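As stored in protein_11.cif (mmCIF, C-alpha atoms):
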data_my_file
#
loop_
_atom_site.label_atom_id
_atom_site.label_comp_id
_atom_site.auth_asym_id
_atom_site.auth_seq_id
_atom_site.Cartn_x
_atom_site.Cartn_y
_atom_site.Cartn_z
CA MET A 1 55.19 -48.58 -18.20
CA LEU A 2 52.40 -51.17 -17.95
CA ILE A 3 51.19 -49.40 -14.80
CA ARG A 4 50.50 -46.25 -16.80
CA LEU A 5 48.75 -48.33 -19.45
CA ILE A 6 46.50 -49.98 -16.86
CA GLN A 7 45.64 -46.59 -15.38
CA SER A 8 44.70 -45.15 -18.78
CA ASP A 9 41.12 -44.62 -20.00
CA MET A 10 41.39 -47.21 -22.79
CA SER A 11 39.05 -50.15 -23.08
CA ILE A 12 40.20 -53.59 -21.93
CA GLN A 13 40.67 -54.74 -25.53
CA GLU A 14 42.75 -51.66 -26.37
CA LYS A 15 44.91 -52.13 -23.26
CA ILE A 16 45.58 -55.78 -24.07
CA LEU A 17 46.45 -55.01 -27.69
CA LEU A 18 48.76 -52.15 -26.76
CA ALA A 19 50.41 -54.22 -24.01
CA LEU A 20 51.15 -56.99 -26.54
CA ILE A 21 52.54 -54.45 -29.00
CA MET A 22 54.77 -52.88 -26.34
CA ILE A 23 56.04 -56.25 -25.14
CA PHE A 24 56.80 -57.24 -28.75
CA ALA A 25 58.67 -53.98 -29.43
CA LEU A 26 60.67 -54.15 -26.21
CA THR A 27 61.54 -57.81 -26.66
CA LEU A 28 62.72 -57.28 -30.22
CA SER A 29 64.74 -54.18 -29.30
CA PHE A 30 66.55 -55.92 -26.44
CA SER A 31 67.12 -59.11 -28.44
CA ILE A 32 68.68 -57.22 -31.36
CA HIS A 33 70.86 -55.19 -28.97
CA GLU A 34 72.33 -58.19 -27.15
CA PHE A 35 72.52 -60.35 -30.28
CA MET A 36 74.63 -57.71 -32.03
CA HIS A 37 77.11 -57.65 -29.12
CA ALA A 38 77.41 -61.43 -29.38
CA PHE A 39 77.59 -61.42 -33.19
CA VAL A 40 80.38 -58.85 -33.43
CA ALA A 41 82.43 -60.47 -30.65
CA ASP A 42 82.06 -63.83 -32.41
CA ARG A 43 83.05 -62.37 -35.78
CA LEU A 44 86.11 -60.75 -34.20
CA GLY A 45 87.33 -64.11 -32.96
CA ASP A 46 85.84 -64.75 -29.52
CA PRO A 47 83.51 -67.80 -29.36
CA THR A 48 82.47 -67.08 -25.76
CA PRO A 49 79.01 -65.61 -26.62
CA ARG A 50 78.32 -68.52 -29.00
CA ASN A 51 79.34 -71.06 -26.35
CA MET A 52 77.05 -69.35 -23.82
CA GLY A 53 74.07 -69.52 -26.19
CA ARG A 54 73.91 -65.77 -26.79
CA LEU A 55 74.39 -65.82 -30.57
CA THR A 56 70.63 -65.98 -31.10
CA LEU A 57 67.61 -63.72 -31.53
CA ASN A 58 65.67 -65.83 -29.04
CA PRO A 59 64.62 -63.24 -26.41
CA VAL A 60 64.71 -65.81 -23.61
CA ALA A 61 68.49 -66.01 -23.94
CA HIS A 62 68.84 -62.27 -23.42
CA MET A 63 66.34 -61.59 -20.64
CA ASP A 64 67.37 -60.69 -17.12
CA PRO A 65 64.42 -61.66 -14.85
CA VAL A 66 64.62 -58.61 -12.57
CA GLY A 67 65.53 -56.16 -15.33
CA THR A 68 62.72 -57.37 -17.60
CA VAL A 69 60.05 -57.13 -14.90
CA LEU A 70 61.18 -53.64 -13.89
CA LEU A 71 61.20 -52.53 -17.50
CA LEU A 72 57.65 -53.69 -18.14
CA ILE A 73 56.30 -52.29 -14.88
CA ALA A 74 58.29 -49.11 -14.34
CA GLY A 75 59.78 -48.39 -17.78
CA PHE A 76 63.36 -48.80 -16.51
CA GLY A 77 65.31 -52.04 -16.72
CA TRP A 78 68.03 -54.00 -18.48
CA GLY A 79 68.82 -57.17 -20.38
CA LYS A 80 71.38 -59.86 -19.59
CA PRO A 81 74.84 -58.51 -20.54
CA VAL A 82 76.77 -60.45 -23.18
CA MET A 83 80.02 -61.76 -21.75
CA TYR A 84 83.08 -61.90 -24.01
CA ASN A 85 86.83 -62.34 -23.61
CA PRO A 86 88.77 -59.33 -24.99
CA ASN A 87 91.94 -61.42 -25.10
CA ARG A 88 90.40 -63.68 -27.74
CA LEU A 89 89.57 -60.90 -30.18
CA ASN A 90 92.06 -61.34 -33.04
CA LYS A 91 90.54 -59.98 -36.25
CA PHE A 92 92.47 -56.70 -36.19
CA ARG A 93 95.73 -55.53 -34.66
CA SER A 94 94.18 -52.96 -32.30
CA PRO A 95 92.55 -54.47 -29.18
CA ARG A 96 90.99 -51.12 -28.39
CA LEU A 97 89.36 -50.86 -31.81
CA MET A 98 87.87 -54.35 -31.46
CA ASN A 99 86.56 -53.64 -27.96
CA ILE A 100 84.94 -50.43 -29.19
CA MET A 101 83.35 -52.35 -32.06
CA VAL A 102 81.85 -54.86 -29.63
CA HIS A 103 80.54 -52.15 -27.31
CA LEU A 104 79.00 -50.13 -30.17
CA ALA A 105 77.46 -53.19 -31.80
CA GLY A 106 74.34 -53.11 -29.61
CA VAL A 107 73.43 -49.47 -30.28
CA THR A 108 74.24 -49.94 -33.97
CA GLY A 109 71.78 -52.81 -34.08
CA ASN A 110 69.17 -50.64 -32.37
CA PHE A 111 69.65 -47.86 -34.92
CA ILE A 112 69.30 -50.29 -37.82
CA LEU A 113 66.16 -51.77 -36.26
CA ALA A 114 64.68 -48.30 -35.66
CA LEU A 115 65.48 -47.25 -39.23
CA LEU A 116 64.00 -50.40 -40.76
CA SER A 117 60.88 -50.11 -38.58
CA ALA A 118 60.34 -46.49 -39.61
CA VAL A 119 60.98 -47.19 -43.31
CA VAL A 120 58.62 -50.18 -43.41
CA ALA A 121 55.93 -48.24 -41.54
CA THR A 122 56.30 -45.32 -43.96
CA VAL A 123 56.04 -47.59 -47.00
CA ILE A 124 52.94 -49.32 -45.59
CA VAL A 125 51.25 -45.98 -44.87
CA CYS A 126 52.10 -44.68 -48.34
CA LEU A 127 50.90 -47.83 -50.11
CA SER A 128 47.64 -47.94 -48.13
CA HIS A 129 46.90 -44.21 -48.46
CA GLY A 130 43.55 -43.77 -50.23
CA ARG A 131 43.30 -47.47 -50.99
CA ILE A 132 41.78 -48.85 -47.78
CA ALA A 133 38.39 -47.87 -46.42
CA GLN A 134 38.44 -46.40 -42.93
CA GLY A 135 37.02 -48.72 -40.28
CA SER A 136 37.55 -51.85 -42.37
CA MET A 137 39.40 -54.91 -41.12
CA ALA A 138 42.25 -54.09 -43.48
CA ALA A 139 42.52 -50.59 -42.00
CA VAL A 140 42.61 -52.03 -38.47
CA ALA A 141 45.32 -54.51 -39.49
CA VAL A 142 47.42 -51.78 -41.13
CA SER A 143 47.00 -49.52 -38.11
CA THR A 144 48.10 -52.31 -35.74
CA VAL A 145 51.19 -53.17 -37.80
CA VAL A 146 52.20 -49.51 -38.14
CA GLN A 147 51.70 -49.00 -34.40
CA ALA A 148 53.90 -52.02 -33.62
CA LEU A 149 56.61 -50.69 -35.95
CA SER A 150 56.32 -47.23 -34.40
CA TYR A 151 56.79 -48.59 -30.88
CA THR A 152 59.72 -50.69 -32.09
CA GLU A 153 61.36 -47.57 -33.51
CA THR A 154 60.69 -45.63 -30.29
CA PHE A 155 61.97 -48.31 -27.92
CA SER A 156 65.03 -49.02 -30.10
CA LEU A 157 66.02 -45.35 -30.08
CA MET A 158 65.43 -45.11 -26.33
CA LEU A 159 67.59 -48.19 -25.74
CA LEU A 160 70.25 -46.78 -28.07
CA ALA A 161 70.33 -43.42 -26.26
CA PHE A 162 70.27 -44.96 -22.78
CA ASN A 163 73.22 -47.23 -23.56
CA LEU A 164 75.23 -44.30 -24.89
CA LEU A 165 75.15 -42.61 -21.48
CA PRO A 166 78.79 -42.42 -20.24
CA VAL A 167 78.04 -44.25 -16.99
CA PRO A 168 79.24 -47.74 -15.98
CA PRO A 169 78.29 -50.38 -17.01
CA LEU A 170 76.68 -48.90 -20.15
CA ASP A 171 78.22 -49.10 -23.62
CA GLY A 172 78.87 -45.37 -23.83
CA PHE A 173 81.15 -45.56 -20.80
CA HIS A 174 83.07 -48.57 -22.13
CA VAL A 175 83.70 -46.80 -25.43
CA LEU A 176 85.13 -43.78 -23.60
CA GLU A 177 87.07 -46.13 -21.33
CA GLU A 178 88.88 -47.63 -24.32
CA LEU A 179 90.07 -44.13 -25.26
CA LEU A 180 91.61 -43.47 -21.84
CA PRO A 181 95.30 -44.16 -21.09
CA TYR A 182 95.92 -47.43 -19.25
CA ARG A 183 97.64 -45.56 -16.39
CA ILE A 184 94.36 -43.81 -15.58
CA ARG A 185 92.27 -46.97 -15.83
CA SER A 186 94.56 -48.78 -13.40
CA LYS A 187 94.23 -46.23 -10.58
CA GLU A 188 92.28 -47.06 -7.43
CA GLY A 189 90.13 -43.94 -7.72
CA TYR A 190 89.03 -44.96 -11.21
CA ARG A 191 88.07 -48.42 -10.01
CA LYS A 192 85.95 -46.94 -7.21
CA PHE A 193 84.28 -44.63 -9.72
CA GLU A 194 83.49 -47.62 -11.92
CA MET A 195 82.11 -49.52 -8.94
CA PHE A 196 79.83 -46.85 -7.48
CA SER A 197 78.74 -44.92 -10.60
CA PRO A 198 75.88 -47.32 -11.48
CA TYR A 199 74.12 -46.24 -8.30
CA ALA A 200 73.89 -42.74 -9.78
CA ILE A 201 71.51 -44.09 -12.44
CA TRP A 202 69.25 -45.54 -9.77
CA ILE A 203 69.28 -42.29 -7.81
CA LEU A 204 68.43 -40.24 -10.89
CA PHE A 205 65.69 -42.70 -11.84
CA ILE A 206 64.11 -42.55 -8.37
CA LEU A 207 64.32 -38.74 -8.34
CA SER A 208 62.70 -38.58 -11.77
CA ARG A 209 59.80 -40.72 -10.57
CA PHE A 210 59.18 -38.77 -7.37
CA GLY A 211 60.47 -35.34 -8.40
CA ASN A 212 59.62 -32.85 -11.10
CA ILE A 213 62.74 -33.25 -13.27
CA ASP A 214 63.34 -36.38 -15.32
CA ILE A 215 67.09 -36.00 -15.81
CA ILE A 216 67.58 -39.42 -17.41
CA GLY A 217 64.64 -38.82 -19.74
CA MET A 218 66.06 -35.45 -20.80
CA LEU A 219 69.51 -36.93 -21.47
CA ILE A 220 68.00 -39.77 -23.50
CA MET A 221 65.90 -37.30 -25.50
CA TYR A 222 68.91 -35.15 -26.44
CA ILE A 223 71.13 -38.15 -27.28
CA GLN A 224 68.56 -39.69 -29.61
CA LEU A 225 67.74 -36.43 -31.45
CA PRO A 226 70.36 -36.74 -34.24
CA PHE A 227 69.34 -40.35 -34.87
CA MET A 228 65.67 -39.33 -35.00
CA TYR A 229 66.45 -36.51 -37.45
CA ALA A 230 68.34 -38.91 -39.73
CA ILE A 231 65.49 -41.44 -39.73
CA ASN A 232 62.83 -38.76 -40.27
CA ALA A 233 64.79 -37.32 -43.19
CA ILE A 234 64.94 -40.73 -44.88
CA CYS A 235 61.23 -41.37 -44.28
CA ASN A 236 60.34 -37.93 -45.65
CA LEU A 237 62.24 -38.74 -48.84
CA ILE A 238 60.30 -42.01 -49.15
CA SER A 239 56.99 -40.17 -48.68
CA MET A 240 58.00 -37.66 -51.34
CA GLY A 241 58.80 -40.55 -53.66
CA PHE A 242 55.21 -41.74 -53.26
CA GLY A 243 53.97 -38.20 -53.87
CA LEU A 244 52.82 -37.70 -50.29
CA GLY A 245 55.59 -35.43 -48.99
#

I need this file expressed as structure tokens, please.
Amino acid sequence: MLIRLIQSDMSIQEKILLALIMIFALTLSFSIHEFMHAFVADRLGDPTPRNMGRLTLNPVAHMDPVGTVLLLIAGFGWGKPVMYNPNRLNKFRSPRLMNIMVHLAGVTGNFILALLSAVVATVIVCLSHGRIAQGSMAAVAVSTVVQALSYTETFSLMLLAFNLLPVPPLDGFHVLEELLPYRIRSKEGYRKFEMFSPYAIWILFILSRFGNIDIIGMLIMYIQLPFMYAINAICNLISMGFGLG
């Protein structure tokens, strides 16, 4: 990701500003995702994330050194998974329901963050429309804030869609796993599938970088489409409310 930015035709100042915006958006998106896993697990009765210092929005607590570096450089990476003990979840009678709630908490947080970012950006644009002179310091400040919110929305939706892929160890797989009968989950073949499937993501990622078909990118694009439509519909209504739709 940063490699493409460095190779772009932007000025040094523009590259630095955009790099800071991208780092901010990525950090916030990952922090919200992991925090929500920890928050929901804690609310459902398991103090493990709290005891491990994960019930925080501090990005340092959620960063995986290798995953963070790869994400910034190559645009593909991961955060530090939130550990929790399913046996301690006691808020509801159904263990499966509570596990699904924990696994969906991260992507839910990303959707809320993306929605809020888009709504705030839309309101700022509507309020500043025709009121700020182009090229002024105020216009530059508004443009920077809106750009930061736009990248936050984009990265949050990408993280949401990526984690919904039904491949171990992503959240989408764990949700589907909770719906499977225990007799299937206990078989040796299933365990091998769970062990070796993550390598498929790496293979697809490498092929997308050196081939002509970005399979992961296409899957992410299709998964995030309904969420994008919902957010755009809400933002269009807000613009219409300001008389700009």

With all atoms listed in the file as the atoms that count, which of A:Ala118, A:Ala133, A:Val167, A:Ile216 lies nearest to Ile238 of chain A?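 Checking each candidate against Ile238 of chain A, we get A:Ala118 as the closest.
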
Produce a table with one row for each residue of segment 76-192 of chain A that has an atom at most 12 Å from any atom of segment 14-23 of chain A, each row naming the nearest atom pair and its distance in Å at one decimal; use only C-alpha atoms; arrange rows by chain and rising residue number; format as a tab-separated table.
residue	atom	partner	partner_atom	distance
A:Val140	CA	A:Leu17	CA	11.8
A:Ala141	CA	A:Leu17	CA	11.9
A:Ser143	CA	A:Ile21	CA	11.7
A:Thr144	CA	A:Ile21	CA	8.3
A:Val145	CA	A:Ile21	CA	9.0
A:Val146	CA	A:Ile21	CA	10.4
A:Gln147	CA	A:Ile21	CA	7.7
A:Ala148	CA	A:Ile21	CA	5.4
A:Leu149	CA	A:Ile21	CA	8.9
A:Ser150	CA	A:Ile21	CA	9.8
A:Tyr151	CA	A:Met22	CA	6.6
A:Thr152	CA	A:Met22	CA	7.9
A:Glu153	CA	A:Met22	CA	11.1
A:Thr154	CA	A:Met22	CA	10.2
A:Phe155	CA	A:Met22	CA	8.7
A:Ser156	CA	A:Met22	CA	11.6

Under the rule that only C-alpha atoms are counted, which of A:Val123, A:Tyr182, A:Val175, A:Asn212 is the nearest residue to Gly241 of chain A?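 Ranked by minimum distance to Gly241 of chain A, first place goes to A:Val123.
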
Explicit residue set for the PyMOL selection byres ((chain A and resi 34) around 8), as a ChimeraX atom specification: /A:30-33,35-38,54,62,79-82,106

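Comparing the minimum interatomic distances between Met83 of chain A and each of A:Asp46, A:Asp64, A:Glu177, A:Asp214, counting only C-alpha atoms, we find that A:Asp46 sits nearest.
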
Skip Leu219 of chain A itself and residues of its chain fewer than 4 positions away, then list as a list in words all residues within 12 Å of it, counting only C-alpha atoms.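 Non-adjacent residues within range: Met158, Leu160, Ala161, Phe162, Asn163, Leu164, Leu165, Pro166, Ile201, Leu204, Phe205, Ser208, Ile213, Asp214, Ile215, Ile223, Gln224 and Leu225 of chain A.
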
Just C-alpha atoms for this one: save the residues we selected as a PDB file, in the coordinates of the input.
ATOM      1  CA  MET A 158      65.430 -45.110 -26.330  1.00  0.00           C
ATOM      2  CA  LEU A 160      70.250 -46.780 -28.070  1.00  0.00           C
ATOM      3  CA  ALA A 161      70.330 -43.420 -26.260  1.00  0.00           C
ATOM      4  CA  PHE A 162      70.270 -44.960 -22.780  1.00  0.00           C
ATOM      5  CA  ASN A 163      73.220 -47.230 -23.560  1.00  0.00           C
ATOM      6  CA  LEU A 164      75.230 -44.300 -24.890  1.00  0.00           C
ATOM      7  CA  LEU A 165      75.150 -42.610 -21.480  1.00  0.00           C
ATOM      8  CA  PRO A 166      78.790 -42.420 -20.240  1.00  0.00           C
ATOM      9  CA  ILE A 201      71.510 -44.090 -12.440  1.00  0.00           C
ATOM     10  CA  LEU A 204      68.430 -40.240 -10.890  1.00  0.00           C
ATOM     11  CA  PHE A 205      65.690 -42.700 -11.840  1.00  0.00           C
ATOM     12  CA  SER A 208      62.700 -38.580 -11.770  1.00  0.00           C
ATOM     13  CA  ILE A 213      62.740 -33.250 -13.270  1.00  0.00           C
ATOM     14  CA  ASP A 214      63.340 -36.380 -15.320  1.00  0.00           C
ATOM     15  CA  ILE A 215      67.090 -36.000 -15.810  1.00  0.00           C
ATOM     16  CA  ILE A 223      71.130 -38.150 -27.280  1.00  0.00           C
ATOM     17  CA  GLN A 224      68.560 -39.690 -29.610  1.00  0.00           C
ATOM     18  CA  LEU A 225      67.740 -36.430 -31.450  1.00  0.00           C
TER      19      LEU A 225
END
